[in-house]
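K.L.:
The structure follows.
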Amino acid sequence: MRIKKIKITNFYSIESMELDLNKYKGITLIEGYNKDVGGSNGSGKSSILEAVCWGLTGKTIRKSTEAALVNNKNKRNCSVEIVLSGNRIIKRQRKPTFLEFFIGKENRTKASVPDTQKEIEEVLGITHKSLLCTTFFGQHNGYEFLDSTPEDKRNIINSFLNLDGILEKRKIVKGLKSEYYQDAKVQVSLIKEYSKSIEDITKKKEVVKKLSKEYEDKYDSILEFSLEDILDIESRWSSVNSEIALLKQKIYNQNQGKVILQNTLDHPKKQELCSACGQNKPALSLKEVKASITVCSDNISNLEKEIDELLSNSQKPQVSSRDYYKIEEYRNLKREISTYDIFVEELQEKIKETEKKQYNSDTLYEVMKFWEKAFSEQGVIKYIIRNVLDYFNSKCNYYLSFLCNNSYILEFDEELNEKIKTRGEEIQYISLSGGEKRKINLAVLMGLKDLFVLNDSYDSDFLFFDEIAENLDKEGIDGLFNLLQEIKKSKDIFVITHNKYLKSNLDSANRISIIKESGSSTAQE
């Protein structure tokens, strides 16, 4: 991706400026002069870099408010239009806010600014982070890597390697681990609660079983009877008793007759006169008496058979209807026992399900513990850093060879602790001068840039260096110049500097002059 042209309107101190960057090849020095206060400070040089960054990403290099971003005089219509290679055009504006994106005549603008920005990033393969890591170097994009704490160094490496996603995953994993841990505790608590309920129910069931034992033998066979059934049995039994009483009376009568006949048989009498006619009554013969006794015996036998038949075909009440409440009480006790059994069965099933959930949560908790460690700085990140260390160290020393004329060798270990050697002796970073520190940190920053490109699809074909010569002596400037000469073989470079010696080395470079007068910055190419 190459920026061909940029048009800036009401952006910081720039009211109107157009630059044809396509004609600037190799190294271009951006100079400035502030006629309002004298010198070059505050002329608006860095505003060009900010305009490029804001035009492409919607964000500036430095943190900025809208009030600072929009030109103080005109206070509206702040805009940057960038023409890129491939006939791609970005038009971005504040007050009012809009964003347009074109590829040739095709309008790729979406319904909202965020959606259009997403489209730009997908087409160009850039983000604000990738632009800062690969394109802008200097005072507003700090690079004091070796001055950082070990934790800050790891964070910087994480950022340049795009490992933020891994750390974000670690946060997610930690959240899940906590969730599974809490869930496992809940399941354990539920199992205890269910088990306690089973224990309580079992105790109640035993009490009820003891109560029901009193009724078991007596009422089990009639438990299904209703009150109506028992009343009906009582009614029918009463009728049977009445019939049996009649039959017994007949048996009694037959027995009485049988006794009389037996007496006649045992004590025969003389014939008696009839009181009516005065004649002799006819007397029964012994044969007839015996026959009558036999008839009585047969009648008694038949009557007894009728009684037996009535008893065999009739159901005797096992409980009085007045005592039916006892059956109902026994029935309720049986129902209560059955309900307890159902409750226990349900609770046991819940325990099984809860134990499965607890097992799953415990298992997932252990899995999350593993991934928490894997996604930590001591896990995958350390592994990645270990595997890119050789590349990173070689790149740092490559750039350092230009800046320090091969007089320093830098090496980072897995913990990102640096080891610096000069003339075969190890020296401490803290003992270096400001200029030496600046050169080493710049070499590290360039190495980080290459590390970022190694892991990202975007690699800028132009670089901006803003005040990178601070604290450098003549030898340091010469080394920086040599580095710029090497970089310009593959990329176009724009340099902002106050260092006179570096400027003198760049006498043959292209120039863009920024003049600020009456609070407004303009460009002279």
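Letters A, B, ... go to the chains of the structure tokens in the order shown; residues in each chain start at 1; ligands are counted from 1 in the same order.
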Can you pull out the residues contacting Ser159 of chain A? Cut-off 12 Å, using only C-alpha atoms, and skip same-chain residues under 2 positions away; I want them as a ChimeraX atom specification.

P.N.:
/A:129-130,132-133,152-157,161-168,381,385,448-449,451-453,455-456

K.L.:
Quick check for you: according to DSSP on this backbone, which residues of segment 434-521 of chain A are classed as strand (DSSP E or B)? Reply as a list of chain:residue names.

P.N.:
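Put together, the selection reads A:Phe462, A:Leu463, A:Phe464, A:Phe465, A:Asp466, A:Asp492, A:Ile493, A:Phe494, A:Val495, A:Ile496, A:Asn510, A:Arg511, A:Ile512, A:Ser513, A:Ile514, A:Ile515, A:Lys516, A:Glu517, A:Ser520, A:Ser521.
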
K.L.:
Find, counting only C-alpha atoms, the residue in A:Asp183, A:Glu517, A:Glu234, A:Glu329 that gets nearest to Glu355 of chain A.

P.N.:
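For Glu355 of chain A, the nearest of the given residues is A:Asp183.
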
K.L.:
Restricting the calculation to only C-alpha atoms: of A:Arg62, A:Glu81, A:Ser338, A:Gly32, which residue gets closest to Glu18 of chain A?

P.N.:
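Ranked by minimum distance to Glu18 of chain A, first place goes to A:Glu81.
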
K.L.:
Write out as a list in words the residues lying within 12 Å of segment 169-174 of chain A, counting only C-alpha atoms and excluding same-chain residues fewer than 6 positions away.

P.N.:
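Listing them by chain and then by number gives Leu163, Tyr180, Tyr181, Leu364, Tyr365, Glu366, Val367, Met368, Lys369, Phe370, Trp371, Glu372, Lys373, Ala374, Phe375, Ser376, Glu377, Gln378, Gly379, Val380 and Ile381 of chain A.
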
K.L.:
Those residues you just picked out, can you put them in a file as a short mmCIF file (atom, residue, chain, number, x, y, z; two decimals), in the first residue's frame with C-alpha atoms?

P.N.:
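Result went into again39.cif, see below:
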```cif
data_model
loop_
_atom_site.label_atom_id
_atom_site.label_comp_id
_atom_site.auth_asym_id
_atom_site.auth_seq_id
_atom_site.Cartn_x
_atom_site.Cartn_y
_atom_site.Cartn_z
CA LEU A 163 -0.64 -12.08 21.44
CA TYR A 180 -17.03 -24.25 36.73
CA TYR A 181 -15.51 -24.15 40.22
CA LEU A 364 -13.99 -28.66 32.91
CA TYR A 365 -12.43 -26.84 35.86
CA GLU A 366 -9.27 -28.94 35.47
CA VAL A 367 -9.32 -28.32 31.71
CA MET A 368 -9.63 -24.56 32.30
CA LYS A 369 -6.76 -24.72 34.82
CA PHE A 370 -4.63 -26.28 32.10
CA TRP A 371 -5.58 -23.66 29.51
CA GLU A 372 -5.18 -20.83 32.00
CA LYS A 373 -1.59 -21.88 32.41
CA ALA A 374 -1.24 -22.59 28.69
CA PHE A 375 -2.48 -19.10 27.79
CA SER A 376 -0.36 -17.45 30.47
CA GLU A 377 2.97 -15.74 29.95
CA GLN A 378 4.61 -18.92 31.24
CA GLY A 379 2.74 -21.09 28.73
CA VAL A 380 2.07 -20.58 25.03
CA ILE A 381 3.35 -16.99 25.13
#
```

K.L.:
Quick one: everything within 10 Å of Asn397 of chain A, counting only C-alpha atoms, minus sequence neighbours fewer than 6 positions away in the same chain. Send it as a count of residues only.

P.N.:
11

K.L.:
Could you check the closest approach to Thr28 of chain A for each of A:Thr127, A:Ala523, A:Asn77, A:Val495 and tell me which residue wins, using only C-alpha atoms?

P.N.:
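Closest to Thr28 of chain A, using only C-alpha atoms: A:Val495.
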
K.L.:
Could you tell me how far atom CA of Asn313 of chain A sits from atom CA of Ala245 of chain A, in Å to one decimal place?

P.N.:
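The value is 16.3 Å.
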
K.L.:
Which neighbours of segment 113-116 of chain A fall inside 9 Å, counting only C-alpha atoms, when residues of the same chain fewer than 2 positions from it are skipped, and could you give them as a list of chain:residue names?

P.N.:
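Those residues are A:Thr97, A:Phe98, A:Leu99, A:Glu100, A:Phe101, A:Arg108, A:Thr109, A:Lys110, A:Ala111, A:Lys118, A:Glu119, A:Ile120, A:Glu121.
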
K.L.:
Dump C-alpha atoms for the selected residues as a compact mmCIF listing (two decimals), in the first residue's frame?

P.N.:
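Written output follows (part.txt):
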```
# COMPACT_ATOMS: atom_id res chain seq x y z
CA THR A 97 -18.81 13.26 10.93
CA PHE A 98 -18.73 11.01 7.89
CA LEU A 99 -16.48 8.43 6.26
CA GLU A 100 -16.44 7.37 2.61
CA PHE A 101 -14.41 4.68 0.87
CA ARG A 108 -17.61 0.78 -0.75
CA THR A 109 -19.08 3.03 1.94
CA LYS A 110 -21.23 1.18 4.47
CA ALA A 111 -24.24 2.24 6.52
CA LYS A 118 -14.04 -2.25 9.09
CA GLU A 119 -14.31 -2.44 5.31
CA ILE A 120 -11.22 -0.22 4.92
CA GLU A 121 -9.21 -2.35 7.33
```

K.L.:
Quick one: of A:Ser79, A:Ser285, A:Gln315, A:Thr264, who's nearest to Ile230 of chain A, counting only C-alpha atoms?

P.N.:
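Looking at the shortest contact to Ile230 of chain A, the residue is A:Gln315.
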
K.L.:
Find the spatial neighbours of Ser433 of chain A, counting only C-alpha atoms, within a cut-off of 10 Å - ignore same-chain residues fewer than 4 positions away - and output them as a list in words.

P.N.:
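Here the qualifying residues turn out to be Tyr429, Lys437, Arg438, Asn471 and Leu472 of chain A.
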
K.L.:
Set the distance at 12 Å and use only C-alpha atoms: which residues neighbour Val37 of chain A once local chain neighbours fewer than 4 positions away are removed? I'd like the list as a PDB file with N, CA and C atoms, in the first residue's frame.

P.N.:
```pdb
ATOM      1  N   TYR A  33       8.961  25.880  10.038  1.00  0.00           N
ATOM      2  CA  TYR A  33       9.340  27.164  10.623  1.00  0.00           C
ATOM      3  C   TYR A  33       8.070  27.826  11.147  1.00  0.00           C
ATOM      4  N   ASN A  41       9.660  24.613  16.266  1.00  0.00           N
ATOM      5  CA  ASN A  41       8.691  23.958  17.136  1.00  0.00           C
ATOM      6  C   ASN A  41       7.287  24.519  16.924  1.00  0.00           C
ATOM      7  N   GLY A  42       6.297  23.593  16.895  1.00  0.00           N
ATOM      8  CA  GLY A  42       4.898  24.012  16.768  1.00  0.00           C
ATOM      9  C   GLY A  42       4.519  24.467  15.386  1.00  0.00           C
ATOM     10  N   SER A  43       5.349  24.158  14.387  1.00  0.00           N
ATOM     11  CA  SER A  43       5.028  24.613  13.034  1.00  0.00           C
ATOM     12  C   SER A  43       3.956  23.743  12.372  1.00  0.00           C
ATOM     13  N   ILE A 515       5.276  25.844   6.956  1.00  0.00           N
ATOM     14  CA  ILE A 515       5.374  27.200   7.501  1.00  0.00           C
ATOM     15  C   ILE A 515       4.097  27.514   8.268  1.00  0.00           C
ATOM     16  N   LYS A 516       4.275  27.982   9.504  1.00  0.00           N
ATOM     17  CA  LYS A 516       3.114  28.370  10.306  1.00  0.00           C
ATOM     18  C   LYS A 516       3.125  29.877  10.496  1.00  0.00           C
ATOM     19  N   GLU A 517       2.036  30.485  10.126  1.00  0.00           N
ATOM     20  CA  GLU A 517       1.924  31.940  10.253  1.00  0.00           C
ATOM     21  C   GLU A 517       0.494  32.282  10.601  1.00  0.00           C
ATOM     22  N   SER A 518       0.329  33.148  11.606  1.00  0.00           N
ATOM     23  CA  SER A 518      -1.003  33.534  12.099  1.00  0.00           C
ATOM     24  C   SER A 518      -1.818  32.316  12.509  1.00  0.00           C
ATOM     25  N   GLY A 519      -1.105  31.355  13.093  1.00  0.00           N
ATOM     26  CA  GLY A 519      -1.781  30.163  13.622  1.00  0.00           C
ATOM     27  C   GLY A 519      -2.141  29.128  12.587  1.00  0.00           C
TER      28      GLY A 519
END
```
